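Here's query.cif, which has mmCIF, C-alpha atoms and all ligand atoms:
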data_model
#
loop_
_atom_site.label_atom_id
_atom_site.label_comp_id
_atom_site.auth_asym_id
_atom_site.auth_seq_id
_atom_site.Cartn_x
_atom_site.Cartn_y
_atom_site.Cartn_z
CA MET A 1 21.60 13.29 12.35
CA ASN A 2 18.17 12.76 10.76
CA SER A 3 18.11 9.30 9.20
CA TYR A 4 16.03 10.71 6.31
CA LEU A 5 16.85 13.02 3.44
CA VAL A 6 14.06 15.51 4.09
CA PRO A 7 13.47 17.78 1.08
CA GLY A 8 13.38 21.54 1.69
CA GLY A 9 13.55 23.18 5.06
CA GLY A 10 9.94 22.89 6.20
CA PRO A 11 7.91 20.05 7.66
CA TYR A 12 7.46 17.11 5.27
CA LEU A 13 3.82 15.97 5.50
CA LEU A 14 3.51 13.93 2.30
CA THR A 15 4.16 10.38 3.50
CA HIS A 16 0.68 9.33 2.27
CA SER A 17 2.02 10.11 -1.22
CA VAL A 18 5.77 9.42 -1.11
CA GLY A 19 7.59 8.59 2.12
CA CYS A 20 10.91 10.35 2.75
CA LEU A 21 14.09 8.67 1.50
CA PRO A 22 15.99 6.94 4.32
CA ARG A 23 19.75 7.52 4.05
CA VAL A 24 20.35 3.76 4.31
CA ALA A 25 18.21 3.20 1.21
CA ARG A 26 20.28 5.57 -0.90
CA ASP A 27 23.46 3.82 0.22
CA ALA A 28 21.93 0.39 -0.49
CA LEU A 29 21.11 1.36 -4.08
CA ASP A 30 24.76 2.06 -4.73
CA ALA A 31 26.17 -0.92 -2.83
CA ASN A 32 23.65 -3.59 -3.84
CA PHE A 33 22.52 -2.55 -7.31
CA LEU A 34 24.85 -0.10 -9.05
CA ARG A 35 28.19 -1.44 -7.83
CA PRO A 36 27.47 -5.11 -8.74
CA TRP A 37 26.33 -3.91 -12.16
CA ALA A 38 29.46 -1.78 -12.68
CA GLU A 39 31.77 -4.53 -11.48
CA ARG A 40 30.08 -7.64 -12.93
CA GLY A 41 27.68 -6.61 -15.65
CA GLY A 42 25.40 -9.54 -16.52
CA ASP A 43 27.05 -11.65 -13.83
CA ALA A 44 25.35 -9.41 -11.27
CA TRP A 45 22.08 -11.36 -11.65
CA PRO A 46 22.65 -13.90 -8.85
CA GLN A 47 23.43 -11.06 -6.47
CA TRP A 48 20.47 -9.00 -7.68
CA LEU A 49 18.07 -11.93 -7.37
CA SER A 50 19.28 -12.63 -3.86
CA ARG A 51 18.29 -9.03 -3.02
CA ILE A 52 14.76 -9.75 -4.22
CA ASP A 53 14.71 -12.82 -1.97
CA GLU A 54 15.71 -10.49 0.84
CA PHE A 55 12.84 -8.18 -0.07
CA ARG A 56 10.36 -11.05 0.28
CA ALA A 57 11.96 -12.14 3.56
CA ALA A 58 11.75 -8.58 4.91
CA LEU A 59 8.04 -8.44 3.99
CA ALA A 60 7.43 -11.75 5.76
CA GLN A 61 9.15 -10.43 8.86
CA LEU A 62 7.06 -7.29 8.88
CA PHE A 63 3.68 -8.71 7.85
CA GLY A 64 3.81 -12.41 8.74
CA GLY A 65 3.56 -15.54 6.63
CA ALA A 66 6.46 -17.06 4.71
CA PRO A 67 8.60 -15.40 2.00
CA ASP A 68 7.10 -17.87 -0.52
CA GLU A 69 3.69 -16.26 0.02
CA TYR A 70 4.97 -12.94 -1.35
CA CYS A 71 5.51 -11.94 -4.96
CA PRO A 72 7.10 -8.63 -6.02
CA GLN A 73 4.89 -6.41 -8.19
CA THR A 74 5.38 -3.05 -9.83
CA ASN A 75 2.36 -1.61 -8.05
CA LEU A 76 -1.02 -2.64 -6.62
CA SER A 77 -2.85 -2.32 -9.93
CA SER A 78 -0.57 -4.84 -11.63
CA GLY A 79 -1.07 -7.29 -8.77
CA LEU A 80 -4.84 -6.93 -8.99
CA SER A 81 -4.85 -7.43 -12.78
CA LYS A 82 -2.84 -10.62 -12.45
CA LEU A 83 -5.05 -11.93 -9.70
CA LEU A 84 -8.26 -11.28 -11.62
CA SER A 85 -6.83 -12.97 -14.72
CA ALA A 86 -6.31 -16.05 -12.54
CA LEU A 87 -9.93 -16.00 -11.34
CA ALA A 88 -11.60 -15.60 -14.72
CA GLY A 89 -14.13 -18.32 -15.48
CA SER A 90 -13.81 -19.89 -12.04
CA ALA A 91 -17.37 -19.28 -10.78
CA ALA A 92 -20.04 -18.59 -13.41
CA ASN A 93 -22.71 -17.53 -10.89
CA ARG A 94 -20.41 -15.07 -9.13
CA ARG A 95 -19.29 -12.36 -11.50
CA THR A 96 -19.34 -9.24 -9.32
CA LEU A 97 -16.20 -7.45 -8.19
CA LEU A 98 -17.16 -5.25 -5.25
CA ALA A 99 -15.34 -2.19 -3.90
CA ALA A 100 -16.11 1.12 -2.20
CA GLU A 101 -16.55 4.14 -4.47
CA ASP A 102 -13.71 5.95 -2.73
CA SER A 103 -11.22 3.15 -3.34
CA PHE A 104 -8.09 4.34 -5.12
CA PRO A 105 -9.19 5.05 -8.72
CA SER A 106 -6.39 3.02 -10.31
CA LEU A 107 -7.77 -0.15 -8.74
CA GLY A 108 -11.29 0.82 -9.79
CA PHE A 109 -10.04 1.04 -13.38
CA VAL A 110 -8.67 -2.50 -13.14
CA LEU A 111 -12.03 -3.73 -11.83
CA GLN A 112 -13.92 -1.99 -14.64
CA LYS A 113 -11.63 -3.36 -17.34
CA SER A 114 -12.08 -6.89 -16.03
CA GLN A 115 -15.37 -6.87 -17.89
CA ARG A 116 -13.54 -8.58 -20.74
CA LEU A 117 -12.76 -11.42 -18.33
CA GLY A 118 -16.47 -11.86 -17.69
CA PHE A 119 -16.64 -9.82 -14.47
CA GLU A 120 -18.81 -6.83 -13.56
CA SER A 121 -17.59 -4.19 -11.14
CA ARG A 122 -19.91 -2.73 -8.52
CA LEU A 123 -18.98 0.26 -6.38
CA MET A 124 -20.59 0.92 -3.02
CA ARG A 125 -21.66 4.57 -2.98
CA CYS A 126 -19.45 6.94 -0.95
CA ALA A 127 -22.42 7.84 1.19
CA LYS A 128 -22.31 4.27 2.50
CA LEU A 129 -19.34 4.41 4.82
CA PRO A 130 -16.65 1.81 4.10
CA ASP A 131 -15.68 1.69 7.78
CA ASP A 132 -19.16 0.49 8.78
CA ILE A 133 -19.43 -3.31 8.73
CA ARG A 134 -23.17 -3.02 7.90
CA THR A 135 -22.27 -1.38 4.58
CA TRP A 136 -20.25 -4.47 3.71
CA SER A 137 -22.70 -6.95 5.11
CA ASP A 138 -25.46 -5.53 2.87
CA ALA A 139 -23.21 -5.41 -0.19
CA LEU A 140 -21.60 -8.85 0.06
CA THR A 141 -24.36 -10.63 -1.82
CA HIS A 142 -24.35 -14.10 -3.40
CA ASP A 143 -23.18 -12.79 -6.79
CA VAL A 144 -19.93 -11.32 -5.42
CA ARG A 145 -16.73 -13.12 -6.42
CA VAL A 146 -14.15 -10.65 -5.05
CA ALA A 147 -14.37 -7.91 -2.43
CA LEU A 148 -11.62 -5.33 -2.72
CA VAL A 149 -11.25 -3.72 0.69
CA THR A 150 -9.21 -0.56 1.08
CA HIS A 151 -7.74 -0.76 4.56
CA VAL A 152 -7.14 2.98 4.93
CA HIS A 153 -8.89 5.35 2.53
CA SER A 154 -6.53 7.90 1.05
CA ASN A 155 -8.89 10.89 0.93
CA THR A 156 -10.61 10.49 4.30
CA GLY A 157 -8.20 8.41 6.40
CA ARG A 158 -11.12 6.10 7.28
CA VAL A 159 -10.07 2.63 8.42
CA ALA A 160 -12.11 -0.34 7.19
CA PRO A 161 -12.74 -3.17 9.69
CA VAL A 162 -10.78 -5.60 7.52
CA ALA A 163 -10.83 -8.61 9.84
CA GLU A 164 -14.62 -8.40 10.21
CA ILE A 165 -15.11 -7.96 6.46
CA ALA A 166 -12.76 -10.87 5.75
CA LYS A 167 -14.77 -13.05 8.13
CA LEU A 168 -18.01 -12.21 6.33
CA CYS A 169 -16.33 -12.93 2.99
CA ARG A 170 -15.13 -16.31 4.20
CA GLU A 171 -18.60 -17.24 5.45
CA ARG A 172 -20.11 -16.22 2.11
CA GLY A 173 -17.53 -17.80 -0.22
CA ILE A 174 -16.13 -14.47 -1.44
CA LEU A 175 -12.44 -13.82 -2.08
CA CYS A 176 -11.26 -10.95 0.14
CA VAL A 177 -8.48 -8.77 -1.29
CA VAL A 178 -7.08 -6.00 0.89
CA ASP A 179 -5.37 -2.85 -0.34
CA VAL A 180 -2.78 -1.98 2.30
CA ALA A 181 -1.15 0.91 0.41
CA GLN A 182 -2.05 3.42 3.13
CA SER A 183 -1.76 1.12 6.16
CA ALA A 184 1.44 -0.89 5.64
CA GLY A 185 4.10 0.66 7.85
CA ILE A 186 1.80 2.76 10.02
CA LEU A 187 -0.87 0.36 11.36
CA PRO A 188 -0.07 -3.03 12.91
CA LEU A 189 -0.62 -5.63 10.18
CA ASN A 190 -0.33 -9.39 10.05
CA PHE A 191 -1.69 -10.75 6.79
CA PRO A 192 -2.35 -14.37 7.82
CA GLY A 193 -3.96 -13.13 11.06
CA LEU A 194 -6.20 -10.67 9.22
CA GLY A 195 -8.13 -13.51 7.59
CA ALA A 196 -8.01 -11.97 4.11
CA ASP A 197 -7.08 -14.07 1.09
CA VAL A 198 -4.81 -11.62 -0.71
CA ALA A 199 -3.04 -8.42 0.30
CA LEU A 200 -1.81 -5.90 -2.25
CA GLY A 201 0.63 -3.22 -1.18
CA SER A 202 3.56 -1.09 -2.13
CA CYS A 203 6.51 0.43 -0.32
CA ILE A 204 6.26 4.00 -1.59
CA LYS A 205 4.31 5.52 1.28
CA TRP A 206 4.66 4.60 4.96
CA LEU A 207 7.39 2.05 4.21
CA CYS A 208 9.58 4.80 2.69
CA GLY A 209 10.77 2.44 -0.06
CA GLY A 210 10.16 4.55 -3.17
CA PRO A 211 8.10 3.77 -6.30
CA GLY A 212 8.17 0.44 -8.11
CA ALA A 213 8.38 -1.94 -5.15
CA GLY A 214 4.87 -3.32 -4.89
CA PHE A 215 3.94 -6.73 -3.56
CA LEU A 216 1.23 -9.34 -3.52
CA TRP A 217 0.71 -11.64 -0.53
CA ILE A 218 -1.50 -14.67 -0.98
CA ARG A 219 -2.87 -17.29 1.41
CA PRO A 220 -0.72 -20.35 0.70
CA ASP A 221 -3.55 -22.84 0.23
CA LEU A 222 -5.01 -20.71 -2.60
CA ILE A 223 -1.86 -20.61 -4.70
CA GLU A 224 -2.13 -23.97 -6.41
CA ASP A 225 -5.55 -23.25 -7.94
CA LEU A 226 -4.72 -19.80 -9.30
CA GLU A 227 -3.14 -19.57 -12.74
CA PRO A 228 -2.56 -15.97 -13.84
CA ALA A 229 -2.67 -15.22 -17.58
CA ASP A 230 0.04 -12.58 -17.36
CA VAL A 231 3.22 -14.62 -16.96
CA GLY A 232 6.87 -14.67 -17.98
CA TRP A 233 9.96 -16.72 -17.35
CA PHE A 234 10.13 -15.60 -13.74
CA SER A 235 6.65 -17.06 -13.09
CA HIS A 236 8.00 -20.46 -14.14
CA GLU A 237 8.84 -23.16 -11.63
CA ASP A 238 12.38 -23.08 -13.05
CA PRO A 239 13.03 -19.76 -14.82
CA PHE A 240 16.28 -21.02 -16.29
CA GLU A 241 14.86 -24.15 -17.92
CA MET A 242 14.43 -22.20 -21.19
CA ASP A 243 12.19 -24.67 -22.98
CA ILE A 244 9.52 -22.78 -24.93
CA HIS A 245 7.35 -25.93 -24.98
CA SER A 246 7.22 -26.31 -21.24
CA PHE A 247 5.66 -23.75 -18.92
CA ARG A 248 5.04 -24.84 -15.35
CA TYR A 249 3.72 -22.34 -12.81
CA ALA A 250 5.98 -21.68 -9.83
CA SER A 251 4.52 -23.59 -6.90
CA ASN A 252 4.59 -20.48 -4.70
CA ALA A 253 3.36 -16.88 -5.03
CA MET A 254 6.10 -16.19 -7.60
CA ARG A 255 3.76 -17.49 -10.30
CA PHE A 256 2.38 -13.92 -10.16
CA TRP A 257 5.74 -12.43 -11.20
CA GLY A 258 6.42 -12.19 -14.97
CA GLY A 259 9.28 -11.45 -17.33
CA THR A 260 12.71 -9.99 -16.50
CA PRO A 261 12.15 -8.18 -13.22
CA SER A 262 13.26 -4.73 -12.19
CA VAL A 263 15.77 -4.84 -9.36
CA ALA A 264 16.63 -1.31 -8.25
CA PRO A 265 13.24 -0.53 -6.62
CA PHE A 266 13.47 -3.70 -4.52
CA VAL A 267 17.03 -3.01 -3.44
CA ILE A 268 15.97 0.44 -2.22
CA ALA A 269 12.80 -0.87 -0.61
CA THR A 270 14.56 -3.72 1.21
CA ALA A 271 16.82 -1.25 2.99
CA SER A 272 13.76 0.84 3.87
CA LEU A 273 11.82 -2.19 5.14
CA ARG A 274 14.74 -3.12 7.40
CA HIS A 275 14.86 0.47 8.60
CA ILE A 276 11.12 0.50 9.37
CA GLN A 277 11.42 -2.89 11.06
CA ALA A 278 14.22 -1.55 13.28
CA LEU A 279 12.16 1.51 14.26
CA GLY A 280 9.09 -0.67 14.83
CA VAL A 281 5.70 -0.09 13.18
CA ASP A 282 4.07 0.21 16.61
CA GLU A 283 6.55 2.90 17.62
CA ILE A 284 6.08 4.77 14.32
CA GLY A 285 2.30 4.62 14.85
CA ALA A 286 2.64 5.90 18.42
CA HIS A 287 4.94 8.72 17.22
CA ASN A 288 2.38 9.63 14.55
CA ARG A 289 -0.41 9.80 17.13
CA ARG A 290 1.70 11.91 19.51
CA LEU A 291 2.39 14.44 16.76
CA VAL A 292 -1.28 14.47 15.71
CA GLN A 293 -2.14 15.20 19.35
CA THR A 294 0.44 18.00 19.55
CA PHE A 295 -1.00 19.47 16.37
CA LYS A 296 -4.58 19.25 17.68
CA ASP A 297 -3.70 20.65 21.11
CA ASN A 298 -2.25 23.72 19.48
CA LEU A 299 -5.27 24.49 17.33
CA SER A 300 -8.10 26.78 18.37
CA PRO A 301 -11.27 25.05 19.67
CA ALA A 302 -13.02 26.09 16.45
CA TRP A 303 -10.49 24.21 14.33
CA GLN A 304 -10.38 21.28 16.74
CA SER A 305 -14.10 20.77 16.20
CA ARG A 306 -13.48 20.44 12.45
CA LEU A 307 -11.03 17.54 12.69
CA PRO A 308 -12.22 14.07 11.69
CA ALA A 309 -14.24 12.42 14.44
CA TRP A 310 -13.60 8.90 13.11
CA PRO A 311 -10.51 6.71 13.66
CA THR A 312 -7.94 7.35 10.95
CA GLY A 313 -4.80 5.71 9.61
CA GLY A 314 -1.69 7.87 9.53
CA THR A 315 -3.14 10.80 7.60
CA LEU A 316 -5.27 13.66 8.84
CA CYS A 317 -7.72 14.64 6.10
CA ILE A 318 -9.35 17.96 6.94
CA ALA A 319 -11.93 19.88 4.90
CA LEU A 320 -10.80 23.50 4.78
CA GLY A 321 -13.93 24.96 3.14
CA ALA A 322 -13.83 28.74 2.92
CA GLU A 323 -10.45 28.84 4.70
CA PHE A 324 -8.74 26.78 1.98
CA ASP A 325 -6.71 29.57 0.37
CA GLU A 326 -5.71 31.15 3.67
CA VAL A 327 -4.52 27.92 5.32
CA THR A 328 -2.72 26.47 2.31
CA ALA A 329 -0.93 29.79 1.59
CA SER A 330 0.17 30.04 5.18
CA LEU A 331 1.46 26.44 5.25
CA LYS A 332 3.35 26.98 2.02
CA GLN A 333 4.95 30.07 3.49
CA ALA A 334 6.07 27.97 6.45
CA GLY A 335 7.78 25.63 3.95
CA ALA A 336 5.44 22.71 4.61
CA LYS A 337 5.05 20.01 1.96
CA PHE A 338 1.47 18.73 1.80
CA ASP A 339 -1.22 18.05 -0.80
CA THR A 340 -4.95 18.53 -1.26
CA ARG A 341 -7.91 16.67 -2.75
CA GLY A 342 -10.77 19.07 -3.51
CA ASP A 343 -11.03 21.24 -0.39
CA VAL A 344 -9.46 18.53 1.78
CA ILE A 345 -5.89 18.95 2.97
CA ARG A 346 -3.88 15.83 3.74
CA VAL A 347 -1.28 15.93 6.50
CA SER A 348 0.87 12.94 7.45
CA PHE A 349 3.36 12.73 10.31
CA HIS A 350 6.00 10.02 10.13
CA ALA A 351 9.35 9.19 11.69
CA CYS A 352 10.98 12.01 9.70
CA ASN A 353 8.83 14.53 11.62
CA SER A 354 9.34 16.03 15.07
CA ALA A 355 7.04 17.62 17.65
CA ASP A 356 8.41 20.94 16.43
CA ASP A 357 6.96 20.20 12.96
CA ALA A 358 3.53 19.59 14.51
CA LEU A 359 3.77 22.85 16.43
CA ARG A 360 4.92 24.83 13.40
CA ILE A 361 2.06 23.44 11.34
CA ALA A 362 -0.53 24.30 13.97
CA ARG A 363 0.80 27.87 14.21
CA ALA A 364 0.98 28.37 10.44
CA TRP A 365 -2.54 26.91 10.11
CA GLN A 366 -3.86 29.79 12.17
CA GLY A 367 -1.86 32.47 10.40
CA GLY A 368 1.05 32.36 12.84
CA ARG A 369 -1.14 32.77 15.91
C1 LIG A 401 -5.34 3.37 -1.00
C2 LIG A 401 -4.42 3.35 -2.18
N1 LIG A 401 -4.36 2.26 -2.96
C3 LIG A 401 -3.54 2.17 -4.02
C4 LIG A 401 -2.70 3.23 -4.33
C5 LIG A 401 -1.76 3.12 -5.50
O1 LIG A 401 -2.07 2.07 -6.39
P1 LIG A 401 -0.99 1.66 -7.48
O2 LIG A 401 0.19 1.09 -6.72
O3 LIG A 401 -1.63 0.65 -8.31
O4 LIG A 401 -0.59 2.87 -8.23
C6 LIG A 401 -2.74 4.39 -3.56
C7 LIG A 401 -1.88 5.55 -3.91
O5 LIG A 401 -2.02 6.65 -3.45
C8 LIG A 401 -3.60 4.44 -2.46
O6 LIG A 401 -3.67 5.53 -1.69
#
Represent the structure contained in this file as C-alpha cells.
Ligand SMILES: Cc1ncc(COP(=O)(O)O)c(C=O)c1O
Amino acid sequence: MNSYLVPGGGPYLLTHSVGCLPRVARDALDANFLRPWAERGGDAWPQWLSRIDEFRAALAQLFGGAPDEYCPQTNLSSGLSKLLSALAGSAANRRTLLAAEDSFPSLGFVLQKSQRLGFESRLMRCAKLPDDIRTWSDALTHDVRVALVTHVHSNTGRVAPVAEIAKLCRERGILCVVDVAQSAGILPLNFPGLGADVALGSCIKWLCGGPGAGFLWIRPDLIEDLEPADVGWFSHEDPFEMDIHSFRYASNAMRFWGGTPSVAPFVIATASLRHIQALGVDEIGAHNRRLVQTFKDNLSPAWQSRLPAWPTGGTLCIALGAEFDEVTASLKQAGAKFDTRGDVIRVSFHACNSADDALRIARAWQGGR
C-alpha cells in the first residue's frame, strides 16, 4: 500500500509546491488534535502543547541543534518579519538587507517593507548566479546587515553554496539567514553545521507536512540579544503568568512565537516529519536522483541536451520554449500533476513516486514515443 494519499491517477510531480499527504499524518490529525478537542474541549491544551514540543523535537532530530533553538512559525515570511523587527536599530552603519533577485517573492516583500525599520533591501540581479560564491563575495559589502540566502531556488533548482556564503558572512560581520523551503527534506541539512545564523523553513513541500507548519531555527548564542517586536503571551518566559505589567522574553527561540498558536498544522507536520525521518532524507534524495536519471535516460538526446547542466535540489526546472503547449498538453493527458513558471516546467520526484512514473513522464513528454 502506498503510504501517501496521491491525488488523481497520474504521476504527482508537485512536491516543490505541496508534498503529498502521508496517511499517518491524516490519522494523527484525528488522534492528536480533533479527538482531544472533542473529548476535552479547553482542557485539550496541555496535550496540544505537548504536540508542539514534539514538533520542535522532531525538527531537532532531522536538522540538528536542540528543540529550544526552534520556534514554530506560520510560514517563512512571518519568521523573517519577526527576525528583522528584532534587528532594527542594532547597527546604524549596516542597513542593507541583501538577497538574490530570484529569491521567493514573499520574502522579498518582507525585505522591502523593512524600510520602515530603517533597512534598505538590495537584490542581486538574476544574471549574477546565486550558486556562484563570487556573486556573494562581491555583494557582501560592509553596509550589509543581513544576507538572505535561498538554499534551493524554486524556479531554477539552483543550489546556493550556503556553507561558503555563511563563512563569508561570519568573517564580515553579516547575519546569514537561510531559506530552506526547497531543501528541507530532500538535501542533507544540519543547521548548526551549516554555519548560518538563522534558518527559516516550512513543512509544506519536501517534508510533506501541509501548510501552516513553518519554523525558525536560531543559533543559540544569538537568542539573548534579539528582542522581536511582534510578540504575544507565548513569547513570554512564562505564558501563564498573566500579568499585563510584566513581559519577559522566553530565554529560548520561543520568544519568536506570539499569541495563541495554531495547533492542527503542527500535529499534521509532526507525523510527517517522523515519517520522513523513518524513510531517511538521504534515501529520499537518492530515490529522487534515481527517478531523475530514469526520466533523463528515456528522453531523446535532443531533450537531454536541454536539461539543466547545473546541480539542482529536488526539482527539475526545464525551459520548454516553443514546445511548451505540446509537452504540457501531453503530460496533462497522461494525468500528471505539475506546474509551470513562464515557459519553465517544474517536475519533482519524491517518495510517493515510482520508476514507472518517471518512465510515463518521459514517454508523455515526447508525445507517447
Ligand atoms: C524558496 C522558497 N522560499 C519560501 C517559500 C514560501 O514562503 P512562505 O512560507 O513565506 O510563504 C517558497 C514557496 O514556494 C519557496 O519556494
Spatial neighbours of Glu164 in chain A, 12 Å, all atoms listed in the file, chain gap at least 3 places, as an MDAnalysis selection string:
chainID A and resid 131:137 149 151 160:161 167:171 176 193:196
Given all atoms listed in the file as the basis, pick out the residue of A:Ala88, A:Leu98, A:Leu14, A:Leu59 nearest to ligand LIG 401 (chain A).
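Of A:Ala88, A:Leu98, A:Leu14, A:Leu59, the one nearest ligand LIG 401 (chain A) is A:Leu14, counting all atoms listed in the file.
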Interface rows for chain A against ligand LIG 401 (chain A): nearest pair, Å to one decimal, 6 Å, only C-alpha atoms and all ligand atoms, as a Markdown table:
| residue | atom | partner | partner_atom | distance |
| --- | --- | --- | --- | --- |
| A:Ser17 | CA | A:LIG401 | O5 | 5.8 |
| A:Asn75 | CA | A:LIG401 | O2 | 3.7 |
| A:Leu76 | CA | A:LIG401 | O3 | 3.7 |
| A:Ser77 | CA | A:LIG401 | O3 | 3.6 |
| A:Phe104 | CA | A:LIG401 | N1 | 4.8 |
| A:Ser106 | CA | A:LIG401 | O3 | 5.7 |
| A:Thr150 | CA | A:LIG401 | C1 | 5.9 |
| A:His153 | CA | A:LIG401 | C1 | 5.4 |
| A:Ser154 | CA | A:LIG401 | O6 | 4.6 |
| A:Asp179 | CA | A:LIG401 | N1 | 5.8 |
| A:Ala181 | CA | A:LIG401 | C2 | 4.8 |
| A:Gln182 | CA | A:LIG401 | C1 | 5.3 |
Any idea what the distance is between CA of Cys203 in chain A and CA of Ser81 in chain A?
18.6 Å
From the options A:Lys337, A:Arg95, A:Arg116, A:His16, which residue's atoms come nearest to Ser183 in chain A, counting all atoms listed in the file?
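Once distances to Ser183 in chain A are computed over all atoms listed in the file, the minimum belongs to A:His16.
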Excluding range 274-286 of chain A and any residue of its chain fewer than 4 positions from it, enumerate the residues within 8 Å of it, using all atoms listed in the file, and give them as an mmCIF file with C-alpha atoms, keeping the file's coordinate frame.
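Saved as result07.cif:
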data_model
loop_
_atom_site.group_PDB
_atom_site.id
_atom_site.type_symbol
_atom_site.label_atom_id
_atom_site.label_comp_id
_atom_site.auth_asym_id
_atom_site.auth_seq_id
_atom_site.Cartn_x
_atom_site.Cartn_y
_atom_site.Cartn_z
ATOM 1 C CA PRO A 22 15.990 6.940 4.320
ATOM 2 C CA VAL A 24 20.350 3.760 4.310
ATOM 3 C CA ALA A 58 11.750 -8.580 4.910
ATOM 4 C CA LEU A 62 7.060 -7.290 8.880
ATOM 5 C CA GLY A 185 4.100 0.660 7.850
ATOM 6 C CA ILE A 186 1.800 2.760 10.020
ATOM 7 C CA LEU A 187 -0.870 0.360 11.360
ATOM 8 C CA PRO A 188 -0.070 -3.030 12.910
ATOM 9 C CA LEU A 207 7.390 2.050 4.210
ATOM 10 C CA THR A 270 14.560 -3.720 1.210
ATOM 11 C CA ARG A 290 1.700 11.910 19.510
ATOM 12 C CA GLY A 314 -1.690 7.870 9.530
ATOM 13 C CA HIS A 350 6.000 10.020 10.130
ATOM 14 C CA ALA A 351 9.350 9.190 11.690
#
Find the residues around His236 in chain A up to 9 Å (only C-alpha atoms counted), leave out those fewer than 6 positions away in its own chain, and share them as a PyMOL selection string.
chain A and resi 247-251+254-255+257-258
Would you mind exporting C-alpha atoms of the selected residues as a compact mmCIF listing (two decimals), in the frame of the given file?
# COMPACT_ATOMS: atom_id res chain seq x y z
CA PHE A 247 5.66 -23.75 -18.92
CA ARG A 248 5.04 -24.84 -15.35
CA TYR A 249 3.72 -22.34 -12.81
CA ALA A 250 5.98 -21.68 -9.83
CA SER A 251 4.52 -23.59 -6.90
CA MET A 254 6.10 -16.19 -7.60
CA ARG A 255 3.76 -17.49 -10.30
CA TRP A 257 5.74 -12.43 -11.20
CA GLY A 258 6.42 -12.19 -14.97
Kindly output range 78-96 of chain A as a JSON list (two decimals), in the frame of the given file, after building N, CA and C atoms.
[["chain", "number", "residue", "atom", "x", "y", "z"],
["A", 78, "SER", "N", -1.07, -3.68, -10.86],
["A", 78, "SER", "CA", -0.57, -4.84, -11.63],
["A", 78, "SER", "C", -0.88, -6.12, -10.88],
["A", 79, "GLY", "N", -0.76, -6.10, -9.56],
["A", 79, "GLY", "CA", -1.07, -7.29, -8.77],
["A", 79, "GLY", "C", -2.53, -7.67, -8.90],
["A", 80, "LEU", "N", -3.40, -6.65, -8.89],
["A", 80, "LEU", "CA", -4.84, -6.93, -8.99],
["A", 80, "LEU", "C", -5.19, -7.50, -10.37],
["A", 81, "SER", "N", -4.59, -6.93, -11.42],
["A", 81, "SER", "CA", -4.85, -7.43, -12.78],
["A", 81, "SER", "C", -4.46, -8.90, -12.88],
["A", 82, "LYS", "N", -3.30, -9.24, -12.35],
["A", 82, "LYS", "CA", -2.84, -10.62, -12.45],
["A", 82, "LYS", "C", -3.76, -11.55, -11.68],
["A", 83, "LEU", "N", -4.17, -11.09, -10.51],
["A", 83, "LEU", "CA", -5.05, -11.93, -9.70],
["A", 83, "LEU", "C", -6.38, -12.18, -10.42],
["A", 84, "LEU", "N", -6.96, -11.11, -10.97],
["A", 84, "LEU", "CA", -8.26, -11.28, -11.62],
["A", 84, "LEU", "C", -8.15, -12.18, -12.85],
["A", 85, "SER", "N", -7.01, -12.11, -13.54],
["A", 85, "SER", "CA", -6.83, -12.97, -14.72],
["A", 85, "SER", "C", -6.81, -14.44, -14.28],
["A", 86, "ALA", "N", -6.37, -14.67, -13.04],
["A", 86, "ALA", "CA", -6.31, -16.05, -12.54],
["A", 86, "ALA", "C", -7.67, -16.55, -12.05],
["A", 87, "LEU", "N", -8.61, -15.61, -11.87],
["A", 87, "LEU", "CA", -9.93, -16.00, -11.34],
["A", 87, "LEU", "C", -10.97, -16.14, -12.44],
["A", 88, "ALA", "N", -10.61, -15.63, -13.63],
["A", 88, "ALA", "CA", -11.60, -15.60, -14.72],
["A", 88, "ALA", "C", -12.16, -16.99, -14.97],
["A", 89, "GLY", "N", -13.48, -17.05, -15.11],
["A", 89, "GLY", "CA", -14.13, -18.32, -15.48],
["A", 89, "GLY", "C", -14.26, -19.31, -14.33],
["A", 90, "SER", "N", -13.85, -18.90, -13.11],
["A", 90, "SER", "CA", -13.81, -19.89, -12.04],
["A", 90, "SER", "C", -15.15, -20.08, -11.33],
["A", 91, "ALA", "N", -16.07, -19.12, -11.45],
["A", 91, "ALA", "CA", -17.37, -19.28, -10.78],
["A", 91, "ALA", "C", -18.42, -18.52, -11.58],
["A", 92, "ALA", "N", -19.13, -19.23, -12.45],
["A", 92, "ALA", "CA", -20.04, -18.59, -13.41],
["A", 92, "ALA", "C", -21.15, -17.79, -12.73],
["A", 93, "ASN", "N", -21.60, -18.23, -11.55],
["A", 93, "ASN", "CA", -22.71, -17.53, -10.89],
["A", 93, "ASN", "C", -22.23, -16.37, -10.01],
["A", 94, "ARG", "N", -20.94, -16.18, -9.93],
["A", 94, "ARG", "CA", -20.41, -15.07, -9.13],
["A", 94, "ARG", "C", -19.52, -14.23, -10.02],
["A", 95, "ARG", "N", -20.08, -13.14, -10.53],
["A", 95, "ARG", "CA", -19.29, -12.36, -11.50],
["A", 95, "ARG", "C", -18.99, -10.95, -11.00],
["A", 96, "THR", "N", -19.48, -10.63, -9.78],
["A", 96, "THR", "CA", -19.34, -9.24, -9.32],
["A", 96, "THR", "C", -18.04, -9.01, -8.57]]
